[in-house]
Amino acid sequence: MRRIGVLVQFEIKKMLFSQSTAIYTGIYLINFIISAIFFNIMGSDGTVLTAGNAQSFPIQHLQASFLFTGIFVAIYVGQIISQERAQGTLKLILTRATSRLEYFISKVVSILLFSVFVTLMMIALGYGVGMLFFGWGDTLSFFSVTTSGLPGVGLTLLSGLAFAFSYFAFGMIAMVVSMLSSQFLINTTMIGIALMMGQYFELLPSIKQYTIFHQMLFFHINIFEQPFDYNLLSFFILLAYCAICVLLGYQLLRKKDLYV
Amino acid sequence: MTEKVQTPVLELKGLTKIIRHKTLVNDLSFSLNQGDIYGFLGPNGSGKTTTLRMITHLIFPTSGDIFIHGHSVTRDYRRALSVVGSIIENPSFYLNLTAIQNLKLSASLADTPVGSSRINEVLEIVGLADAKQDKVKTYSLGMKQRLGLANALLCHPAIIILDEPTNGVDPAGLREMKALIKRLAQQEHITFLISSHMLREMQDLCNKVTIIQKGKLVETGRVHELLASYQVDNLEDLFFACVEGDQL
């Protein structure tokens, strides 16, 4: 447990102070500012926003960040799995008698924390840009939900958690891909292409709920819009993705010869 | 008077590694005693690095086992590796972190966590005290090798495994490193297993050698005894006498 804690702390520090995190922040910020400017010029026809106020701003942008966030998660996973192997830093950890299970758990926890961190960062930036352009506003408007004040913030955070969970499940898939190949660039490109193609599963109503792409796009919305049974199934689908990938990922690492 | 039987610090028993029907290491057995400096020699592709990776549990043997202070690496690697320091193939560190940050991470993962004073001490020993706050990406290859040695020394190891430790080290650095290894072996009774192609340096440094070829043990023993037995003057001639037909 101690080693897992040390490794997770180390990953958190790297994540918070990395150049990549600064770049992601910049990309989200620019994206949000463009969205706010377009809303001011063209109204809701020009952007994903349906209401121009700070309390609606972050939650309305979660879905729109599907591609960016998916790629950021894939890059992060690639950095902590493939690059660590390619650069040999893995042996700095494993030759200190850290077990492969401890190492693996630390990576899974780090991916979970990254998914939550990116989501919270987006929400914070969304509130900031929303305040800057529109002010707080009277009501939060998100699909069929209308609320305001603290309940609205709570609702945004709940939606954010659902969003982070689906991206964590996606991160677990990216982790398995990274464990199969240490080609960071190829892995990330493949995952990027999969994200773009995966949206077309929406054209297949009978299977779309079972795809990770659908969950990444809609789980954080459906928790307010769909019946409980539907959301429970979605939750278990995401959980199944996580469980399968965790088991598969660990099996791949456990007996793998590491030529680092 | 009874002779004291020394438990080997490291013992390889029938170590074999087969990948896709190709035998990389073939029934390799030898043992290392405390305070010895062993040269681990062999031509390119003879299985040296594969053997060192198996010792450090990075790859798994197909058969056979490795014992460090009597603990099996395959069955109890935690205890076995707790007394091992190593540089395998090349020293790898997080380039955006400073030397001290890298060593702090390494120290905090040790069985018994190591304090800042020991980190500073090993940096002093390898001559990197002045550069400890510099990011590793600014280091030369020679400095990275020295940092690798500092990391290997960190947890008071019984054995240090060095794979080509002299790569990128300048002549002055090489002399310092040899003196340091000799001092650590003599004063702190640390056993060294060193793989290198620099046979002259190895002759200066090692009191015992193990030579392998195509994954098999060819010769092992005290350097001076082997030189006498093969009637040669230096390790280079001994090496080529043992691995005739193969290139270094």
# chains A, B, ... in the order shown; residues from 1 in each chain; ligands from 1
>>> interface_residues(of="chain B", to="chain A", cutoff="10 Å", atoms="only C-alpha atoms", output="PyMOL selection string")
chain B and resi 49-50+53-61+76-97+102-103+105-111+148+151-152+155
>>> residues_around(residues="B:Ile159", least_positions_apart="4", cutoff="9 Å", atoms="only C-alpha atoms", output="list in words")
Val9, Leu10, Gln34, Gly35, Ile68, Val83, Val84, Gly85, Ser86, His189, Ile190, Thr191, Phe192 and Leu193 of chain B
>>> atom_distance(atom1="atom CA of B:Asp27", atom2="atom CA of B:Val243")
17.6 Å
>>> select_by_dssp(residues="stretch 120-207 of chain B", states="strand (DSSP E)", output="list in words")
Ile159, Ile160, Ile161, Leu162, Asp163, Thr191, Phe192, Leu193, Ile194 and Ser195 of chain B
>>> atom_distance(atom1="atom CA of A:Ser148", atom2="atom CA of A:Gly43")
21.2 Å
>>> select_by_dssp(residues="stretch 112-213 of chain B", states="helix (DSSP H, G or I)", output="MDAnalysis selection string")
chainID B and resid 116:125 129:131 136:138 141:153 171:187 199:205
>>> residues_around(residues="A:Phe134", least_positions_apart="3", cutoff="12 Å", atoms="only C-alpha atoms", output="list of chain:residue names")
A:Ile33, A:Ala36, A:Ile37, A:Phe39, A:Asn40, A:Leu49, A:Ala51, A:Gly52, A:Asn53, A:Ala54, A:Gln55, A:Ser56, A:Phe57, A:Gly126, A:Tyr127, A:Gly128, A:Val129, A:Gly130, A:Met131, A:Gly137, A:Asp138
>>> closest_residue(among="A:Cys245, A:Val77, A:Leu113, A:Leu140", to="A:Thr156", atoms="only C-alpha atoms")
A:Leu140
>>> atom_distance(atom1="atom CA of B:Ile211", atom2="atom CA of B:Ser63")
20.5 Å
>>> residues_around(residues="A:Leu120", least_positions_apart="4", cutoff="10 Å", atoms="only C-alpha atoms", output="MDAnalysis selection string")
chainID A and resid 58 114:116 124:126 156:157 160:161 164
>>> write_last_selection(atoms="C-alpha atoms", output="PDB file, in the first residue's frame")
ATOM      1  CA  PRO A  58     -19.506  24.247 -17.865  1.00  0.00           C
ATOM      2  CA  PHE A 114      -6.546  12.333 -14.176  1.00  0.00           C
ATOM      3  CA  SER A 115     -10.097  11.802 -15.510  1.00  0.00           C
ATOM      4  CA  VAL A 116     -11.532  13.568 -12.458  1.00  0.00           C
ATOM      5  CA  ALA A 124     -13.655  25.527 -13.188  1.00  0.00           C
ATOM      6  CA  LEU A 125     -12.569  27.057 -16.495  1.00  0.00           C
ATOM      7  CA  GLY A 126     -16.162  26.984 -17.695  1.00  0.00           C
ATOM      8  CA  THR A 156     -22.833  20.253 -12.618  1.00  0.00           C
ATOM      9  CA  LEU A 157     -20.464  18.346 -10.331  1.00  0.00           C
ATOM     10  CA  GLY A 160     -18.946  15.965 -14.191  1.00  0.00           C
ATOM     11  CA  LEU A 161     -18.456  12.839 -12.073  1.00  0.00           C
ATOM     12  CA  ALA A 164     -15.171  11.509 -15.565  1.00  0.00           C
TER      13      ALA A 164
END
>>> residues_around(residues="A:Gln63", least_positions_apart="2", cutoff="8 Å", atoms="only C-alpha atoms", output="list in words")
Gln60, His61, Ser65, Phe66, Met216, Leu217 and Phe218 of chain A
>>> residues_around(residues="B:Gln213", least_positions_apart="6", cutoff="7 Å", atoms="only C-alpha atoms", output="PyMOL selection string")
chain B and resi 42-43+46+243
>>> closest_residue(among="B:Val223, B:Ile18, B:Ile125, B:Leu154", to="B:Met202", atoms="only C-alpha atoms")
B:Val223
>>> closest_residue(among="B:Gly64, B:Ala131, B:Gly70, B:Lys137", to="B:Val25", atoms="only C-alpha atoms")
B:Gly64
>>> residues_around(residues="A:Leu239", least_positions_apart="4", cutoff="10 Å", atoms="only C-alpha atoms", output="ChimeraX atom specification")
/A:165-166,168-169,233-235,243-245
>>> closest_residue(among="B:Arg146, B:His71, B:Arg222, B:His197", to="B:Leu174", atoms="only C-alpha atoms")
B:Arg146
